[in-house]
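> The structure under discussion is supplied below as structure tokens; questions concerning it will follow.
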Amino acid sequence: MGHEITLIPGDGIGPEVTEAARRVVEATGVDVEWDVQNAGAAVMDEEGTPLPDRVLASIRRTRTALKGPITTPVGTGFRSVNVALRQELDLFAAVRPALALPGIPTRYEEVDIVVIRENTEDLYAGVEFERGSEALQELRSELRSLAGFEIRDDAGVTVKPISVSGTRRIVRFAFDFARRHRRRLVTVGHKANIMKFSDGVFLFTAAIEAYGYPDISFEEVQVDELAMRLALDPQDQDILLLPNLYGDILSDLCAGLVGGLGVVPGANLGWEFAVFEPVHGSAPDIAGKGLANPIAIILSAAMMLAHLGEQNGAAAVREAVARVMAEGEVRTGDLAGTSGTEEMAEAISREVGALVSE
Ligand code: NAD
């Protein structure tokens, strides 16, 4: 039986790279039916919202989506569609593997890190109070009377909720992932020394849950020190388990270790639904020029195929990417090459085709 998949082209380079991924998935011969659903800045004008209900309804039906990046206005404008999707569908776990591929120039060899990021809580929960708003005036006086906290009247406020239940599920997810993928170490990054009541919950919940997994080593590190370790000895790291904001920042750092944002895939997973997307954004600086590297979304599609139980298709896509990179003839500009998105999609699809017919 075929798989129905919601395909969200997204903004900027999104349509270019999703088209490349679609082509590569089709080359695997896996029976896929795409339900294309536009979202983001592109539909904002016509539909009055960047995330129309039809998009969520489609994912609720297909349970699986492959998504291009979606632009989020900075400071003002609509809320992040990416964050809204993760919250609406309760996609609590982001999985972002940063694996050094042969042929891609990097500062370090043998980096193989998986960032597992909590995706629904923390400073990204969307609990925000606008500077000068009536709600913030009320919050300020409430905080003053509750605990004598004084917040400046020209401040804006973002709240950082981290719960035991929200943390427990991501910790178990990370350790189960470690077992399934035969990894040896889970490292939790935090600032529980400063934020005792939010990062403290994350750290202590992780430490308690770790007892249930005696076969996997557990380590806790303050996130600033973890950033330094990643810059110095990234090959020593294995699985990084992080609250939402640190996970967002360190996944880009890890991308930088293995060749940049153009090569790092991602999955957003919950109990019921899964949305696969690259770590990178809509790259407005190169959008529409056919220059974007499609590897990140192609490897996201490989994660999707594996999730759907199509292990052979997933393996063929990974191997095809590795071969094209190792050959070194077809590479986009971010990898010091001169090829375009389409050329890369063509080369990888051809390898996939050859692999599946071997
Ligand atoms: P970005 O990832 O879009 O770009 C950062 C840099 O990396 C740019 O120089 C860009 O050209 C380069 N780059 C990114 N992807 C590339 C690729 N596939 N091939 C070659 N080069 C690539 O980050 P940004 O500029 O901070 O964000 C742009 C927009 O994307 C913002 O609106 C942001 O909110 C959004 N964004 C969306 C997602 C998502 O949809 N999940 C993730 C991150 C950022």
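Lettering and numbering for the structure tokens are positional, with chains as A, B, ... in the shown order, residues counted from 1 in each chain, and ligands counted from 1 in the shown order.
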Could you find all residues in region 90-217 of chain A that DSSP calls strand (DSSP E) from the backbone, and write them as a list of chain:residue names?

A:Ala93, A:Ala94, A:Val95, A:Arg96, A:Pro97, A:Ala98, A:Leu99, A:Asp112, A:Ile113, A:Val114, A:Val115, A:Ile116, A:Arg117, A:Glu118, A:Glu128, A:Phe129, A:Val157, A:Thr158, A:Leu185, A:Val186, A:Thr187, A:Val188, A:Gly189, A:His190, A:Ser217

> Would you output that residue set with N, CA and C atoms, as an mmCIF file, in the first residue's frame?


```cif
data_model
loop_
_atom_site.group_PDB
_atom_site.id
_atom_site.type_symbol
_atom_site.label_atom_id
_atom_site.label_comp_id
_atom_site.auth_asym_id
_atom_site.auth_seq_id
_atom_site.Cartn_x
_atom_site.Cartn_y
_atom_site.Cartn_z
ATOM 1 N N ALA A 93 9.359 16.238 19.944
ATOM 2 C CA ALA A 93 10.775 15.880 19.814
ATOM 3 C C ALA A 93 11.336 16.305 18.461
ATOM 4 N N ALA A 94 12.373 17.128 18.493
ATOM 5 C CA ALA A 94 13.091 17.431 17.246
ATOM 6 C C ALA A 94 14.368 16.601 17.237
ATOM 7 N N VAL A 95 14.599 15.894 16.140
ATOM 8 C CA VAL A 95 15.800 15.063 16.007
ATOM 9 C C VAL A 95 16.626 15.622 14.860
ATOM 10 N N ARG A 96 17.864 15.999 15.145
ATOM 11 C CA ARG A 96 18.699 16.640 14.123
ATOM 12 C C ARG A 96 20.088 16.014 14.090
ATOM 13 N N PRO A 97 20.285 15.061 13.218
ATOM 14 C CA PRO A 97 21.591 14.397 13.162
ATOM 15 C C PRO A 97 22.616 15.248 12.398
ATOM 16 N N ALA A 98 23.769 15.465 13.015
ATOM 17 C CA ALA A 98 24.870 16.180 12.345
ATOM 18 C C ALA A 98 25.992 15.174 12.124
ATOM 19 N N LEU A 99 26.044 14.668 10.893
ATOM 20 C CA LEU A 99 26.991 13.598 10.564
ATOM 21 C C LEU A 99 27.925 14.097 9.469
ATOM 22 N N ASP A 112 29.717 12.898 14.632
ATOM 23 C CA ASP A 112 28.474 12.149 14.495
ATOM 24 C C ASP A 112 27.626 12.433 15.736
ATOM 25 N N ILE A 113 26.924 13.558 15.669
ATOM 26 C CA ILE A 113 26.166 14.033 16.836
ATOM 27 C C ILE A 113 24.683 14.031 16.465
ATOM 28 N N VAL A 114 23.832 13.656 17.422
ATOM 29 C CA VAL A 114 22.394 13.828 17.195
ATOM 30 C C VAL A 114 21.871 14.801 18.254
ATOM 31 N N VAL A 115 21.329 15.914 17.796
ATOM 32 C CA VAL A 115 20.690 16.855 18.721
ATOM 33 C C VAL A 115 19.240 16.429 18.883
ATOM 34 N N ILE A 116 18.833 16.215 20.137
ATOM 35 C CA ILE A 116 17.416 15.945 20.420
ATOM 36 C C ILE A 116 16.908 17.115 21.255
ATOM 37 N N ARG A 117 15.997 17.836 20.643
ATOM 38 C CA ARG A 117 15.551 19.114 21.204
ATOM 39 C C ARG A 117 14.094 19.024 21.622
ATOM 40 N N GLU A 118 13.791 19.471 22.826
ATOM 41 C CA GLU A 118 12.389 19.561 23.249
ATOM 42 C C GLU A 118 11.753 20.675 22.421
ATOM 43 N N GLU A 128 4.113 35.433 25.768
ATOM 44 C CA GLU A 128 4.839 36.691 25.631
ATOM 45 C C GLU A 128 3.948 37.872 26.000
ATOM 46 N N PHE A 129 4.551 38.890 26.597
ATOM 47 C CA PHE A 129 3.841 40.107 26.966
ATOM 48 C C PHE A 129 4.526 41.284 26.292
ATOM 49 N N VAL A 157 8.323 40.994 27.900
ATOM 50 C CA VAL A 157 8.568 39.787 28.701
ATOM 51 C C VAL A 157 8.197 38.520 27.940
ATOM 52 N N THR A 158 9.090 37.548 27.978
ATOM 53 C CA THR A 158 8.811 36.200 27.453
ATOM 54 C C THR A 158 8.965 35.221 28.609
ATOM 55 N N LEU A 185 25.952 7.511 24.718
ATOM 56 C CA LEU A 185 25.955 8.604 25.698
ATOM 57 C C LEU A 185 24.871 9.637 25.399
ATOM 58 N N VAL A 186 24.150 10.039 26.457
ATOM 59 C CA VAL A 186 23.217 11.168 26.335
ATOM 60 C C VAL A 186 23.746 12.299 27.213
ATOM 61 N N THR A 187 23.987 13.448 26.615
ATOM 62 C CA THR A 187 24.488 14.605 27.367
ATOM 63 C C THR A 187 23.395 15.666 27.439
ATOM 64 N N VAL A 188 23.026 16.047 28.647
ATOM 65 C CA VAL A 188 22.008 17.091 28.813
ATOM 66 C C VAL A 188 22.684 18.443 28.973
ATOM 67 N N GLY A 189 22.248 19.423 28.181
ATOM 68 C CA GLY A 189 22.765 20.785 28.316
ATOM 69 C C GLY A 189 21.734 21.642 29.038
ATOM 70 N N HIS A 190 22.191 22.489 29.962
ATOM 71 C CA HIS A 190 21.252 23.271 30.792
ATOM 72 C C HIS A 190 21.950 24.494 31.384
ATOM 73 N N SER A 217 25.140 5.795 28.968
ATOM 74 C CA SER A 217 25.764 6.761 29.882
ATOM 75 C C SER A 217 25.007 8.080 29.840
#
```

> Counting only C-alpha atoms and all ligand atoms, give me one row per residue of chain A with an atom at most 7 Å from an atom of ligand 1, showing the shortest contact pair and its distance in Å to one decimal, sorted by chain then residue number, as CSV.


```
residue,atom,partner,partner_atom_place_in_ligand_line,distance
A:Gly68,CA,ligand 1,40 (O),6.3
A:Pro69,CA,ligand 1,40 (O),3.1
A:Ile70,CA,ligand 1,40 (O),3.9
A:Thr71,CA,ligand 1,32 (O),3.4
A:Thr72,CA,ligand 1,32 (O),3.8
A:Pro73,CA,ligand 1,32 (O),5.6
A:Asn82,CA,ligand 1,41 (N),5.6
A:Leu261,CA,ligand 1,15 (N),5.2
A:Gly262,CA,ligand 1,18 (N),3.9
A:Glu277,CA,ligand 1,41 (N),6.6
A:Pro278,CA,ligand 1,41 (N),6.7
A:Val279,CA,ligand 1,42 (C),5.7
A:His280,CA,ligand 1,2 (O),3.7
A:Gly281,CA,ligand 1,3 (O),3.2
A:Ser282,CA,ligand 1,30 (O),4.0
A:Ala283,CA,ligand 1,3 (O),3.3
A:Pro284,CA,ligand 1,28 (C),6.1
A:Asp285,CA,ligand 1,11 (O),5.4
A:Ile286,CA,ligand 1,11 (O),5.5
A:Leu291,CA,ligand 1,20 (C),6.8
A:Ala292,CA,ligand 1,19 (N),3.8
A:Asn293,CA,ligand 1,19 (N),3.7
A:Pro294,CA,ligand 1,18 (N),5.5
A:Ala296,CA,ligand 1,18 (N),6.4
A:Asp334,CA,ligand 1,20 (C),5.2
```

> Output C-alpha atoms for every residue in that selection, as an mmCIF file, in the first residue's frame.


```cif
data_model
loop_
_atom_site.group_PDB
_atom_site.id
_atom_site.type_symbol
_atom_site.label_atom_id
_atom_site.label_comp_id
_atom_site.auth_asym_id
_atom_site.auth_seq_id
_atom_site.Cartn_x
_atom_site.Cartn_y
_atom_site.Cartn_z
ATOM 1 C CA GLY A 68 10.259 23.250 3.283
ATOM 2 C CA PRO A 69 11.317 26.194 5.456
ATOM 3 C CA ILE A 70 8.825 28.949 6.248
ATOM 4 C CA THR A 71 9.777 32.594 6.789
ATOM 5 C CA THR A 72 8.996 34.207 10.152
ATOM 6 C CA PRO A 73 8.950 38.009 10.360
ATOM 7 C CA ASN A 82 7.053 26.349 12.457
ATOM 8 C CA LEU A 261 22.969 24.250 7.128
ATOM 9 C CA GLY A 262 22.752 22.865 3.612
ATOM 10 C CA GLU A 277 12.161 19.367 7.530
ATOM 11 C CA PRO A 278 15.708 20.661 7.157
ATOM 12 C CA VAL A 279 17.286 22.645 10.000
ATOM 13 C CA HIS A 280 17.863 25.615 7.680
ATOM 14 C CA GLY A 281 15.487 28.477 6.990
ATOM 15 C CA SER A 282 14.111 29.996 3.791
ATOM 16 C CA ALA A 283 17.485 31.609 2.865
ATOM 17 C CA PRO A 284 16.044 34.759 1.226
ATOM 18 C CA ASP A 285 19.558 35.737 0.081
ATOM 19 C CA ILE A 286 19.679 32.875 -2.452
ATOM 20 C CA LEU A 291 21.573 27.738 -5.899
ATOM 21 C CA ALA A 292 20.274 26.139 -2.683
ATOM 22 C CA ASN A 293 21.744 22.879 -1.477
ATOM 23 C CA PRO A 294 18.910 20.310 -1.379
ATOM 24 C CA ALA A 296 19.328 18.810 4.032
ATOM 25 C CA ASP A 334 27.813 26.408 0.074
#
```

> Determine which residues of region 94-260 of chain A DSSP labels as alpha helix (DSSP H) from the backbone of this structure, then write them out as a PyMOL selection string.

chain A and resi 134-147+164-180+199-210+223-232+244-257

> Mind running region 230-341 of chain A against region 203-208 of chain A at 12 Å and telling me each contacting residue's nearest atom pair with the distance in Å (one decimal), counting only C-alpha atoms, chain and number ascending, as a tab-separated table?


```
residue	atom	partner	partner_atom	distance
A:Leu241	CA	A:Ala206	CA	9.0
A:Leu242	CA	A:Leu203	CA	9.6
A:Pro243	CA	A:Leu203	CA	9.6
```

> Using the selection just defined, write its residues with all heavy atoms as a PDB file, in the first residue's frame.


```pdb
ATOM      1  N   LEU A 241      20.883  16.233  24.480  1.00  0.00           N
ATOM      2  CA  LEU A 241      19.475  16.389  24.849  1.00  0.00           C
ATOM      3  C   LEU A 241      19.293  17.794  25.411  1.00  0.00           C
ATOM      4  O   LEU A 241      19.903  18.143  26.430  1.00  0.00           O
ATOM      5  CB  LEU A 241      19.112  15.322  25.896  1.00  0.00           C
ATOM      6  CG  LEU A 241      17.765  15.464  26.589  1.00  0.00           C
ATOM      7  CD1 LEU A 241      16.617  15.447  25.585  1.00  0.00           C
ATOM      8  CD2 LEU A 241      17.585  14.358  27.618  1.00  0.00           C
ATOM      9  N   LEU A 242      18.446  18.596  24.745  1.00  0.00           N
ATOM     10  CA  LEU A 242      18.419  20.025  25.074  1.00  0.00           C
ATOM     11  C   LEU A 242      17.004  20.587  25.138  1.00  0.00           C
ATOM     12  O   LEU A 242      16.138  20.205  24.334  1.00  0.00           O
ATOM     13  CB  LEU A 242      19.192  20.806  24.002  1.00  0.00           C
ATOM     14  CG  LEU A 242      20.677  20.425  23.888  1.00  0.00           C
ATOM     15  CD1 LEU A 242      21.245  20.814  22.531  1.00  0.00           C
ATOM     16  CD2 LEU A 242      21.478  21.065  25.007  1.00  0.00           C
ATOM     17  N   PRO A 243      16.782  21.535  26.065  1.00  0.00           N
ATOM     18  CA  PRO A 243      15.524  22.280  26.031  1.00  0.00           C
ATOM     19  C   PRO A 243      15.455  23.078  24.726  1.00  0.00           C
ATOM     20  O   PRO A 243      16.458  23.240  24.023  1.00  0.00           O
ATOM     21  CB  PRO A 243      15.625  23.218  27.235  1.00  0.00           C
ATOM     22  CG  PRO A 243      16.789  22.774  28.034  1.00  0.00           C
ATOM     23  CD  PRO A 243      17.678  21.979  27.137  1.00  0.00           C
TER      24      PRO A 243
END
```

> Provide the CA of Ala41 (chain A) to CA of Ala255 (chain A) distance in Å, to one decimal place.

25.5 Å

> Name all residues at most 9 Å from Ala42 (chain A) (count only C-alpha atoms; drop same-chain ones fewer than 4 positions away) and give them as a list in words.

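Near Ala42 (chain A), the qualifying residues are Gly10, Asp11, Asn38, Glu46 and Pro50 of chain A.
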
> Selected residues, all heavy atoms, written as a short mmCIF file (atom, residue, chain, number, x, y, z; two decimals), in the first residue's frame, please.


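Full text of part02.cif as output:
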```cif
data_model
loop_
_atom_site.label_atom_id
_atom_site.label_comp_id
_atom_site.auth_asym_id
_atom_site.auth_seq_id
_atom_site.Cartn_x
_atom_site.Cartn_y
_atom_site.Cartn_z
N GLY A 10 6.73 25.61 1.25
CA GLY A 10 7.32 26.66 2.10
C GLY A 10 7.73 27.90 1.33
O GLY A 10 7.32 28.10 0.18
N ASP A 11 8.54 28.73 1.97
CA ASP A 11 8.93 30.04 1.41
C ASP A 11 10.39 30.01 0.93
O ASP A 11 11.15 29.09 1.26
CB ASP A 11 8.82 31.12 2.50
CG ASP A 11 7.39 31.32 2.98
OD1 ASP A 11 6.47 31.32 2.13
OD2 ASP A 11 7.20 31.46 4.20
N ASN A 38 0.21 24.49 0.45
CA ASN A 38 1.04 25.68 0.64
C ASN A 38 0.76 26.32 1.99
O ASN A 38 -0.38 26.32 2.48
CB ASN A 38 0.79 26.69 -0.49
CG ASN A 38 1.36 26.17 -1.80
OD1 ASN A 38 2.51 25.74 -1.84
ND2 ASN A 38 0.56 26.17 -2.84
N GLU A 46 -3.41 35.88 0.49
CA GLU A 46 -4.65 35.31 -0.05
C GLU A 46 -5.58 34.77 1.02
O GLU A 46 -6.78 34.90 0.94
CB GLU A 46 -4.31 34.15 -0.99
CG GLU A 46 -4.13 34.57 -2.42
CD GLU A 46 -3.62 33.43 -3.26
OE1 GLU A 46 -4.13 32.30 -3.11
OE2 GLU A 46 -2.68 33.67 -4.05
N PRO A 50 -0.91 32.46 7.74
CA PRO A 50 0.18 31.70 7.14
C PRO A 50 0.02 30.19 7.36
O PRO A 50 0.71 29.39 6.74
CB PRO A 50 1.41 32.22 7.86
CG PRO A 50 0.91 32.70 9.19
CD PRO A 50 -0.50 33.17 8.97
#
```
